[in-house]
>>> print(open('work_27.txt').read())   # compact mmCIF, C-alpha atoms
# COMPACT_ATOMS: atom_id res chain seq x y z
CA MET Q 109 -23.18 -27.00 112.62
CA PRO Q 110 -23.75 -30.21 110.67
CA GLY Q 111 -21.45 -31.00 107.78
CA SER Q 112 -22.59 -29.93 104.37
CA GLY Q 113 -23.39 -32.91 102.17
CA PRO Q 114 -24.53 -33.24 98.59
CA ALA Q 115 -28.07 -32.16 97.89
CA PRO Q 116 -30.05 -34.75 95.95
CA ALA Q 117 -31.81 -33.59 92.83
CA ALA Q 118 -35.40 -32.56 93.33
CA SER Q 119 -38.04 -34.59 91.55
CA ASP Q 120 -39.30 -33.09 88.30
CA PRO Q 121 -43.08 -32.56 88.61
CA LEU Q 122 -43.48 -32.21 84.86
CA GLY Q 123 -41.18 -35.04 83.81
CA GLY Q 124 -38.37 -35.05 81.31
CA GLY Q 125 -36.44 -32.06 82.67
CA PRO Q 126 -32.70 -32.02 83.19
CA ALA Q 127 -31.48 -33.51 86.44
CA ALA Q 128 -30.43 -30.97 89.05
CA ALA Q 129 -26.71 -30.88 89.65
CA ARG Q 130 -25.58 -32.12 93.04
CA SER Q 131 -24.28 -29.40 95.31
CA SER Q 132 -23.99 -28.56 99.00
CA ALA Q 133 -26.81 -26.57 100.57
CA GLY Q 134 -24.91 -23.33 100.59
CA SER Q 135 -23.24 -23.45 97.20
CA THR Q 136 -24.29 -22.22 93.78
CA LEU Q 137 -24.08 -24.02 90.47
CA ALA Q 138 -21.34 -23.00 88.09
CA LYS Q 139 -22.86 -20.82 85.41
CA PRO Q 140 -22.25 -22.15 81.90
CA VAL Q 141 -20.30 -20.01 79.46
CA ILE Q 142 -22.42 -19.14 76.45
CA ASP Q 143 -20.80 -18.47 73.08
CA ALA Q 144 -23.21 -16.11 71.33
CA ARG Q 145 -21.34 -16.62 68.06
CA ALA Q 146 -22.80 -20.11 67.84
CA ASP Q 147 -26.17 -18.58 66.92
CA ALA Q 148 -24.78 -16.06 64.44
CA ASN Q 149 -25.94 -17.93 61.33
CA THR Q 150 -29.23 -19.24 62.75
CA LYS Q 151 -32.52 -17.61 61.81
CA PHE Q 152 -35.11 -17.67 64.60
CA ASN Q 153 -38.80 -16.96 64.07
CA ALA Q 154 -40.70 -14.44 66.20
CA ALA Q 155 -41.83 -17.02 68.79
CA GLU Q 156 -38.32 -18.42 69.11
CA SER Q 157 -36.80 -14.96 69.47
CA ALA Q 158 -39.31 -14.07 72.19
CA ALA Q 159 -38.60 -17.33 74.01
CA ARG Q 160 -34.85 -16.77 73.77
CA ASP Q 161 -35.22 -13.26 75.20
CA LYS Q 162 -37.28 -14.59 78.11
CA VAL Q 163 -34.76 -17.33 78.89
CA ARG Q 164 -31.80 -14.98 78.59
CA ALA Q 165 -33.43 -12.44 80.93
CA LYS Q 166 -33.99 -15.10 83.60
CA PHE Q 167 -30.51 -16.51 83.08
CA ASP Q 168 -28.94 -13.08 83.60
CA ALA Q 169 -31.17 -12.37 86.61
CA LEU Q 170 -29.74 -15.37 88.46
CA ASP Q 171 -26.46 -13.52 88.98
CA GLY Q 172 -26.16 -12.62 92.65
CA GLU Q 173 -29.55 -14.08 93.59
CA ASP Q 174 -29.82 -16.29 96.65
CA TYR Q 175 -32.20 -19.24 96.69
CA TYR Q 176 -35.02 -17.20 98.22
CA ALA Q 177 -34.76 -14.66 95.42
CA VAL Q 178 -34.57 -17.43 92.82
CA LEU Q 179 -37.89 -18.80 94.06
CA GLY Q 180 -39.33 -15.34 94.66
CA ILE Q 181 -40.21 -16.05 98.30
CA LYS Q 182 -39.59 -14.30 101.63
CA LEU Q 183 -36.96 -15.41 104.13
CA ASP Q 184 -39.68 -16.68 106.48
CA ALA Q 185 -41.52 -18.58 103.75
CA THR Q 186 -42.89 -21.97 104.73
CA PRO Q 187 -41.98 -25.20 102.90
CA ALA Q 188 -45.44 -25.03 101.34
CA ASP Q 189 -44.71 -21.52 100.05
CA ALA Q 190 -41.43 -22.74 98.59
CA LYS Q 191 -43.09 -25.69 96.87
CA LYS Q 192 -45.81 -23.50 95.37
CA ALA Q 193 -43.23 -21.07 93.99
CA TYR Q 194 -41.08 -23.92 92.71
CA LEU Q 195 -43.94 -25.59 90.83
CA ALA Q 196 -44.88 -22.31 89.17
CA LEU Q 197 -41.30 -21.67 88.05
CA ALA Q 198 -40.82 -25.30 87.00
CA ARG Q 199 -43.80 -25.07 84.68
CA GLU Q 200 -42.60 -21.76 83.28
CA PHE Q 201 -39.02 -22.83 82.62
CA HIS Q 202 -39.40 -26.54 81.97
CA THR Q 203 -38.16 -27.74 78.58
CA ASP Q 204 -41.70 -28.79 77.68
CA ALA Q 205 -42.83 -25.16 77.94
CA PHE Q 206 -40.63 -24.44 74.92
CA ALA Q 207 -41.47 -27.56 72.94
CA GLY Q 208 -41.12 -27.14 69.18
CA LEU Q 209 -38.97 -24.03 69.49
CA ASN Q 210 -35.36 -23.79 68.46
CA LEU Q 211 -33.66 -21.95 71.31
CA GLY Q 212 -30.12 -22.30 70.06
CA THR Q 213 -27.63 -21.56 72.83
CA ALA Q 214 -30.53 -20.42 75.01
CA GLN Q 215 -31.27 -24.12 75.55
CA THR Q 216 -28.12 -24.34 77.67
CA MET Q 217 -29.33 -21.32 79.62
CA LEU Q 218 -32.73 -22.95 80.11
CA ASP Q 219 -31.16 -26.15 81.43
CA HIS Q 220 -29.12 -24.12 83.92
CA ILE Q 221 -32.17 -22.13 85.04
CA PHE Q 222 -34.10 -25.31 85.74
CA GLN Q 223 -31.19 -26.81 87.68
CA VAL Q 224 -30.92 -23.72 89.87
CA ILE Q 225 -34.67 -23.69 90.51
CA GLN Q 226 -34.54 -27.35 91.53
CA LEU Q 227 -31.53 -26.84 93.78
CA ALA Q 228 -33.09 -23.78 95.41
CA HIS Q 229 -36.25 -25.71 96.21
CA SER Q 230 -34.48 -28.84 97.46
CA THR Q 231 -32.43 -26.64 99.82
CA ILE Q 232 -35.24 -24.47 101.19
CA ALA Q 233 -37.64 -27.41 101.53
CA ASP Q 234 -35.21 -29.42 103.67
CA GLU Q 235 -34.95 -28.18 107.28
CA ARG Q 236 -31.31 -29.15 107.80
CA LYS Q 237 -30.08 -27.87 104.44
CA ARG Q 238 -32.04 -24.66 104.88
CA ALA Q 239 -30.47 -24.06 108.30
CA GLU Q 240 -27.00 -24.58 106.82
CA TYR Q 241 -27.80 -22.32 103.89
CA ASP Q 242 -29.19 -19.57 106.14
CA ALA Q 243 -26.09 -19.77 108.33
CA LYS Q 244 -23.86 -19.42 105.30
CA ARG Q 245 -25.86 -16.42 104.08
CA SER Q 246 -25.38 -14.78 107.48
CA PHE Q 247 -21.65 -15.41 107.46
CA GLU Q 248 -21.33 -14.07 103.92
CA ALA Q 249 -23.31 -10.96 104.84
CA ALA Q 250 -20.91 -10.35 107.74
CA GLY Q 251 -17.89 -10.89 105.53
CA ALA Q 252 -16.95 -13.93 107.60
CA SER Q 253 -15.63 -17.30 106.58
CA THR Q 254 -18.12 -19.72 105.06
CA ASP Q 255 -15.70 -22.62 105.34
CA VAL Q 256 -17.64 -25.27 107.26
CA ALA Q 257 -14.44 -26.83 108.65
CA ALA Q 258 -13.23 -23.42 109.87
CA ILE Q 259 -16.58 -22.67 111.50
CA LEU Q 260 -16.63 -26.04 113.27
CA GLN Q 261 -13.08 -25.40 114.48
CA ALA Q 262 -14.09 -21.96 115.76
CA GLU Q 263 -17.06 -23.43 117.63
CA ALA Q 264 -14.76 -26.01 119.23
CA GLU Q 265 -12.33 -23.26 120.23
CA LEU Q 266 -15.18 -21.21 121.71
CA HIS Q 267 -16.13 -24.17 123.90
CA LYS Q 268 -12.49 -24.61 124.92
CA ALA Q 269 -12.25 -20.90 125.75
CA GLN Q 270 -15.29 -21.21 128.01
CA LEU Q 271 -13.62 -24.07 129.88
CA LEU Q 272 -10.42 -22.04 130.24
CA VAL Q 273 -12.39 -19.15 131.73
CA GLU Q 274 -13.97 -21.50 134.28
CA ARG Q 275 -10.46 -22.63 135.25
CA GLY Q 276 -9.31 -19.04 135.56
CA GLU Q 277 -7.00 -19.17 132.53
CA LEU Q 278 -8.37 -16.00 130.99
CA GLN Q 279 -5.22 -15.01 129.12
CA ASN Q 280 -5.18 -18.32 127.23
CA ALA Q 281 -8.91 -18.01 126.62
CA ALA Q 282 -8.42 -14.53 125.16
CA LYS Q 283 -5.86 -15.86 122.67
CA LEU Q 284 -8.27 -18.54 121.46
CA LEU Q 285 -11.09 -16.03 121.16
CA GLN Q 286 -9.13 -13.87 118.73
CA ASN Q 287 -9.42 -16.62 116.12
CA VAL Q 288 -13.02 -17.41 117.04
CA VAL Q 289 -14.14 -13.80 116.57
CA ALA Q 290 -12.22 -13.52 113.29
CA ILE Q 291 -14.19 -16.45 111.87
CA MET Q 292 -17.52 -15.71 113.60
CA PRO Q 293 -17.61 -11.91 113.99
CA ASN Q 294 -21.34 -11.88 114.73
CA ASN Q 295 -21.27 -14.48 117.49
CA ASP Q 296 -22.38 -12.47 120.51
CA GLU Q 297 -21.32 -15.12 122.99
CA ALA Q 298 -17.75 -15.09 121.66
CA LEU Q 299 -17.67 -11.29 121.56
CA GLY Q 300 -18.98 -11.04 125.11
CA LEU Q 301 -16.55 -13.64 126.39
CA GLN Q 302 -13.69 -11.76 124.74
CA LYS Q 303 -14.71 -8.49 126.40
CA TYR Q 304 -15.01 -10.23 129.76
CA CYS Q 305 -11.54 -11.80 129.46
CA THR Q 306 -10.01 -8.48 128.45
CA TRP Q 307 -11.61 -6.65 131.38
CA TRP Q 308 -10.70 -9.32 133.92
CA GLN Q 309 -7.01 -9.04 133.15
CA THR Q 310 -7.02 -5.40 134.30
CA LYS Q 311 -10.14 -5.28 136.51
CA ASN Q 312 -10.49 -1.60 135.74
CA ALA Q 313 -13.34 -0.41 137.97
CA ALA Q 314 -13.96 2.68 135.85
CA ALA Q 315 -14.44 0.57 132.72
CA ALA Q 316 -16.69 -1.99 134.41
CA PRO Q 317 -20.07 -0.28 133.80
CA ASP Q 318 -19.37 0.00 130.07
CA VAL Q 319 -18.24 -3.62 129.86
CA VAL Q 320 -21.38 -4.75 131.69
CA ARG Q 321 -23.48 -2.66 129.29
CA GLN Q 322 -21.82 -4.32 126.30
CA LEU Q 323 -22.33 -7.76 127.82
CA GLU Q 324 -26.01 -6.97 128.28
CA GLU Q 325 -26.29 -5.88 124.64
CA HIS Q 326 -24.73 -9.16 123.51
CA PHE Q 327 -27.02 -11.07 125.86
CA LYS Q 328 -30.12 -9.41 124.40
CA LYS Q 329 -29.03 -10.49 120.92
CA GLN Q 330 -28.23 -14.02 122.08
CA PRO Q 331 -30.40 -14.64 125.18
CA GLY Q 332 -29.54 -18.32 125.20
CA ALA Q 333 -25.94 -17.45 126.11
CA LEU Q 334 -26.54 -17.24 129.86
CA THR Q 335 -22.82 -16.93 130.55
CA LEU Q 336 -23.06 -13.35 129.28
CA LYS Q 337 -25.42 -12.55 132.15
CA GLU Q 338 -23.27 -14.56 134.56
CA PHE Q 339 -20.20 -12.53 133.57
CA GLN Q 340 -22.05 -9.37 134.53
CA GLY Q 341 -22.64 -10.82 137.97
CA ARG Q 342 -19.00 -11.84 138.33
CA ILE Q 343 -17.79 -8.36 137.41
CA TRP Q 344 -20.07 -6.74 140.02
CA MET Q 345 -19.02 -9.34 142.57
CA GLU Q 346 -15.36 -8.56 141.92
CA LEU Q 347 -16.10 -4.88 142.52
CA GLY Q 348 -17.97 -5.66 145.73
CA ASP Q 349 -21.44 -4.68 144.51
CA ILE Q 350 -23.33 -7.61 146.02
CA GLY Q 351 -26.76 -6.31 145.04
CA LYS Q 352 -26.05 -6.00 141.31
CA ALA Q 353 -24.08 -9.24 141.31
CA SER Q 354 -26.95 -11.08 142.96
CA ALA Q 355 -29.51 -9.68 140.50
CA ALA Q 356 -27.49 -10.83 137.49
CA LEU Q 357 -26.80 -14.31 138.85
CA LYS Q 358 -30.42 -14.79 139.92
CA LYS Q 359 -31.47 -14.05 136.34
CA VAL Q 360 -29.26 -16.89 135.13
CA LEU Q 361 -30.51 -19.36 137.73
CA GLU Q 362 -34.15 -18.43 137.18
CA THR Q 363 -33.70 -19.37 133.53
CA ASP Q 364 -31.53 -22.41 134.17
CA PRO Q 365 -31.51 -23.64 137.81
CA SER Q 366 -28.88 -26.25 136.90
CA HIS Q 367 -26.36 -23.71 135.54
CA GLN Q 368 -23.26 -24.95 137.38
CA SER Q 369 -20.97 -21.98 136.88
CA ALA Q 370 -23.62 -19.48 137.99
CA THR Q 371 -24.45 -21.71 140.96
CA ARG Q 372 -20.81 -21.66 142.07
CA ALA Q 373 -20.68 -17.90 141.60
CA MET Q 374 -23.84 -17.46 143.67
CA ARG Q 375 -22.38 -19.57 146.48
CA ALA Q 376 -19.23 -17.47 146.44
CA LEU Q 377 -21.39 -14.35 146.52
CA GLN Q 378 -23.33 -15.68 149.51
CA ARG Q 379 -20.06 -16.24 151.36
CA LYS Q 380 -18.99 -12.68 150.58
CA LYS Q 381 -22.33 -11.39 151.82
CA GLU Q 382 -22.07 -13.41 155.03
CA GLU Q 383 -18.56 -12.11 155.63
CA ALA Q 384 -19.72 -8.55 155.00
CA ASP Q 385 -22.67 -9.00 157.37
CA LYS Q 386 -20.38 -10.49 160.02
CA LYS Q 387 -17.99 -7.55 159.78
CA ALA Q 388 -20.88 -5.13 159.96
CA SER Q 389 -22.30 -6.89 163.03
CA SER Q 390 -18.89 -6.97 164.65
CA GLY Q 391 -18.46 -3.27 164.05
CA LEU Q 392 -21.85 -2.47 165.56
CA GLY Q 393 -21.08 -4.65 168.58
CA LYS Q 394 -17.88 -2.77 169.29
CA LEU Q 395 -19.71 0.52 168.87
CA PHE Q 396 -22.39 -0.43 171.41
CA LYS Q 397 -19.77 -1.60 173.92
CA ARG Q 398 -18.31 1.85 173.86
>>> encode(input="work_27.txt", output="structure tokens")
Amino acid sequence: MPGSGPAPAASDPLGGGPAAARSSAGSTLAKPVIDARADANTKFNAAESAARDKVRAKFDALDGEDYYAVLGIKLDATPADAKKAYLALAREFHTDAFAGLNLGTAQTMLDHIFQVIQLAHSTIADERKRAEYDAKRSFEAAGASTDVAAILQAEAELHKAQLLVERGELQNAAKLLQNVVAIMPNNDEALGLQKYCTWWQTKNAAAAPDVVRQLEEHFKKQPGALTLKEFQGRIWMELGDIGKASAALKKVLETDPSHQSATRAMRALQRKKEEADKKASSGLGKLFKR
């Protein structure tokens, strides 16, 4: 995942609005503390009171809202949808919309509202920032770490664990995967790899079908992780089920003919099949001689 950098302030389509605070794509602006006592001795007319109520309601509504909710758009909204929503909100909550009105402390609320609207739009409208923000939302929803450095470290450890598995060091891979899964609990590739490593250390034949089923479930959720399908083939190959092993490995190679690990596994499977055929032929030959 790319590093999270400062988000530049979005341009103000109406002019004269407060500059958006700089923040990373996944962060939120610190909400200002409002001292209601500051307005205690100020008399507001009906229009000002109505405006203050409107601003306060929007200010309070920002609590717990993500950028999609701030803009009032769906998660699959296009950049054009985001811009349209942003312009409508910018006009509604721009300082000029309240020209001539004394808002008192609600002016601070209004400034914050406009900053959040700008930041939400600048994040959703930018492909890279939006991807980072969406990833952070997913991690937060799963109760996982949103620390970019920790996530990058976990991704590096996942890659290292994959290399360890290829070298047959499954116990060391399993240790690495404990940390990976703790940081990325929804990463199906890591979860599948962990299950594979755990099974391989015991090679429990009775547990194999359930492990294969779980690997297939993870694969369906993350179909790009072809190793999850390869692991199914390796488990069946270890148990001597050449047919099921071949079907799983063929699926990998049909999708990616250059998949090196699956290619090696398929070659090993072919050797096993040839040996099995040779033994079968030898047995038949002896039988006929009798």
>>> closest_residue(input="work_27.txt", among="Q:His267, Q:Asp189, Q:Ala159, Q:Ala262", to="Q:Leu218", atoms="all atoms listed in the file")
Q:Ala159
>>> atom_distance(input="work_27.txt", atom1="atom CA of Q:Ala282", atom2="atom CA of Q:Glu248")
24.9 Å
>>> residues_around(input="work_27.txt", residues="stretch 140-152 of chain Q", least_positions_apart="6", cutoff="10 Å", atoms="only C-alpha atoms", output="PyMOL selection string")
chain Q and resi 158+160+209-214+216-217+219-220
>>> atom_distance(input="work_27.txt", atom1="atom CA of Q:Val224", atom2="atom CA of Q:Val178")
7.8 Å
>>> atom_distance(input="work_27.txt", atom1="atom CA of Q:Gln322", atom2="atom CA of Q:Thr371")
22.9 Å
>>> residues_around(input="work_27.txt", residues="Q:Leu334", least_positions_apart="4", cutoff="8 Å", atoms="all atoms listed in the file", output="PyMOL selection string")
chain Q and resi 327+338+360
>>> decode(input="work_27.txt", residues="stretch 195-234 of chain Q", atoms="N, CA and C atoms", output="mmCIF file, in the first residue's frame")
data_model
loop_
_atom_site.group_PDB
_atom_site.id
_atom_site.type_symbol
_atom_site.label_atom_id
_atom_site.label_comp_id
_atom_site.auth_asym_id
_atom_site.auth_seq_id
_atom_site.Cartn_x
_atom_site.Cartn_y
_atom_site.Cartn_z
ATOM 1 N N LEU Q 195 -19.960 20.275 -4.710
ATOM 2 C CA LEU Q 195 -20.337 21.628 -5.119
ATOM 3 C C LEU Q 195 -21.640 22.067 -4.455
ATOM 4 N N ALA Q 196 -22.576 21.123 -4.336
ATOM 5 C CA ALA Q 196 -23.855 21.454 -3.692
ATOM 6 C C ALA Q 196 -23.642 21.801 -2.222
ATOM 7 N N LEU Q 197 -22.822 21.007 -1.537
ATOM 8 C CA LEU Q 197 -22.549 21.262 -0.123
ATOM 9 C C LEU Q 197 -21.716 22.526 0.063
ATOM 10 N N ALA Q 198 -20.778 22.745 -0.862
ATOM 11 C CA ALA Q 198 -19.925 23.932 -0.769
ATOM 12 C C ALA Q 198 -20.759 25.203 -0.868
ATOM 13 N N ARG Q 199 -21.730 25.187 -1.745
ATOM 14 C CA ARG Q 199 -22.599 26.364 -1.875
ATOM 15 C C ARG Q 199 -23.456 26.550 -0.622
ATOM 16 N N GLU Q 200 -23.891 25.430 -0.059
ATOM 17 C CA GLU Q 200 -24.779 25.497 1.100
ATOM 18 C C GLU Q 200 -24.060 25.950 2.362
ATOM 19 N N PHE Q 201 -22.786 25.532 2.492
ATOM 20 C CA PHE Q 201 -22.068 25.827 3.736
ATOM 21 C C PHE Q 201 -20.847 26.722 3.533
ATOM 22 N N HIS Q 202 -20.821 27.425 2.422
ATOM 23 C CA HIS Q 202 -19.766 28.406 2.206
ATOM 24 C C HIS Q 202 -20.074 29.653 3.037
ATOM 25 N N THR Q 203 -19.040 30.335 3.471
ATOM 26 C CA THR Q 203 -19.227 31.549 4.275
ATOM 27 C C THR Q 203 -20.139 32.555 3.581
ATOM 28 N N ASP Q 204 -20.028 32.646 2.257
ATOM 29 C CA ASP Q 204 -20.842 33.615 1.519
ATOM 30 C C ASP Q 204 -22.338 33.332 1.641
ATOM 31 N N ALA Q 205 -22.692 32.072 1.905
ATOM 32 C CA ALA Q 205 -24.108 31.726 2.039
ATOM 33 C C ALA Q 205 -24.711 32.323 3.310
ATOM 34 N N PHE Q 206 -23.840 32.772 4.212
ATOM 35 C CA PHE Q 206 -24.296 33.345 5.481
ATOM 36 C C PHE Q 206 -23.847 34.806 5.614
ATOM 37 N N ALA Q 207 -23.600 35.418 4.472
ATOM 38 C CA ALA Q 207 -23.126 36.805 4.469
ATOM 39 C C ALA Q 207 -24.121 37.721 5.180
ATOM 40 N N GLY Q 208 -23.580 38.621 6.004
ATOM 41 C CA GLY Q 208 -24.424 39.584 6.705
ATOM 42 C C GLY Q 208 -25.032 39.058 7.984
ATOM 43 N N LEU Q 209 -24.782 37.808 8.310
ATOM 44 C CA LEU Q 209 -25.346 37.216 9.525
ATOM 45 C C LEU Q 209 -24.262 37.051 10.586
ATOM 46 N N ASN Q 210 -24.620 37.367 11.792
ATOM 47 C CA ASN Q 210 -23.707 37.146 12.909
ATOM 48 C C ASN Q 210 -23.946 35.732 13.434
ATOM 49 N N LEU Q 211 -22.989 34.859 13.220
ATOM 50 C CA LEU Q 211 -23.144 33.462 13.633
ATOM 51 C C LEU Q 211 -22.556 33.183 15.009
ATOM 52 N N GLY Q 212 -21.814 34.135 15.532
ATOM 53 C CA GLY Q 212 -21.178 33.905 16.824
ATOM 54 C C GLY Q 212 -20.216 32.731 16.744
ATOM 55 N N THR Q 213 -20.264 31.859 17.737
ATOM 56 C CA THR Q 213 -19.356 30.700 17.743
ATOM 57 C C THR Q 213 -19.686 29.705 16.629
ATOM 58 N N ALA Q 214 -20.866 29.830 16.040
ATOM 59 C CA ALA Q 214 -21.228 28.940 14.939
ATOM 60 C C ALA Q 214 -20.355 29.193 13.715
ATOM 61 N N GLN Q 215 -19.684 30.345 13.677
ATOM 62 C CA GLN Q 215 -18.771 30.622 12.566
ATOM 63 C C GLN Q 215 -17.605 29.627 12.578
ATOM 64 N N THR Q 216 -17.131 29.314 13.780
ATOM 65 C CA THR Q 216 -16.055 28.320 13.897
ATOM 66 C C THR Q 216 -16.544 26.958 13.425
ATOM 67 N N MET Q 217 -17.796 26.647 13.762
ATOM 68 C CA MET Q 217 -18.383 25.383 13.301
ATOM 69 C C MET Q 217 -18.468 25.364 11.781
ATOM 70 N N LEU Q 218 -18.887 26.484 11.205
ATOM 71 C CA LEU Q 218 -19.037 26.580 9.756
ATOM 72 C C LEU Q 218 -17.694 26.382 9.057
ATOM 73 N N ASP Q 219 -16.661 27.010 9.596
ATOM 74 C CA ASP Q 219 -15.327 26.853 9.008
ATOM 75 C C ASP Q 219 -14.905 25.380 9.020
ATOM 76 N N HIS Q 220 -15.186 24.711 10.132
ATOM 77 C CA HIS Q 220 -14.817 23.296 10.243
ATOM 78 C C HIS Q 220 -15.611 22.452 9.247
ATOM 79 N N ILE Q 221 -16.892 22.724 9.134
ATOM 80 C CA ILE Q 221 -17.738 21.982 8.189
ATOM 81 C C ILE Q 221 -17.173 22.092 6.781
ATOM 82 N N PHE Q 222 -16.814 23.305 6.393
ATOM 83 C CA PHE Q 222 -16.322 23.513 5.035
ATOM 84 C C PHE Q 222 -14.993 22.789 4.818
ATOM 85 N N GLN Q 223 -14.141 22.795 5.833
ATOM 86 C CA GLN Q 223 -12.865 22.088 5.729
ATOM 87 C C GLN Q 223 -13.076 20.587 5.538
ATOM 88 N N VAL Q 224 -14.014 20.029 6.301
ATOM 89 C CA VAL Q 224 -14.285 18.595 6.197
ATOM 90 C C VAL Q 224 -14.849 18.255 4.817
ATOM 91 N N ILE Q 225 -15.744 19.091 4.326
ATOM 92 C CA ILE Q 225 -16.325 18.867 2.999
ATOM 93 C C ILE Q 225 -15.229 18.886 1.934
ATOM 94 N N GLN Q 226 -14.328 19.852 2.036
ATOM 95 C CA GLN Q 226 -13.227 19.942 1.078
ATOM 96 C C GLN Q 226 -12.319 18.715 1.156
ATOM 97 N N LEU Q 227 -11.989 18.313 2.382
ATOM 98 C CA LEU Q 227 -11.096 17.168 2.557
ATOM 99 C C LEU Q 227 -11.753 15.883 2.052
ATOM 100 N N ALA Q 228 -13.042 15.735 2.323
ATOM 101 C CA ALA Q 228 -13.764 14.552 1.851
ATOM 102 C C ALA Q 228 -13.716 14.476 0.328
ATOM 103 N N HIS Q 229 -13.965 15.605 -0.321
ATOM 104 C CA HIS Q 229 -13.959 15.608 -1.783
ATOM 105 C C HIS Q 229 -12.566 15.365 -2.346
ATOM 106 N N SER Q 230 -11.558 16.019 -1.783
ATOM 107 C CA SER Q 230 -10.199 15.856 -2.311
ATOM 108 C C SER Q 230 -9.711 14.421 -2.146
ATOM 109 N N THR Q 231 -10.231 13.719 -1.153
ATOM 110 C CA THR Q 231 -9.852 12.318 -0.931
ATOM 111 C C THR Q 231 -10.580 11.394 -1.899
ATOM 112 N N ILE Q 232 -11.894 11.541 -1.996
ATOM 113 C CA ILE Q 232 -12.689 10.649 -2.845
ATOM 114 C C ILE Q 232 -12.414 10.893 -4.327
ATOM 115 N N ALA Q 233 -12.066 12.121 -4.683
ATOM 116 C CA ALA Q 233 -11.838 12.450 -6.093
ATOM 117 C C ALA Q 233 -10.483 11.969 -6.602
ATOM 118 N N ASP Q 234 -9.561 11.667 -5.690
ATOM 119 C CA ASP Q 234 -8.221 11.227 -6.071
ATOM 120 C C ASP Q 234 -8.145 9.704 -5.954
#
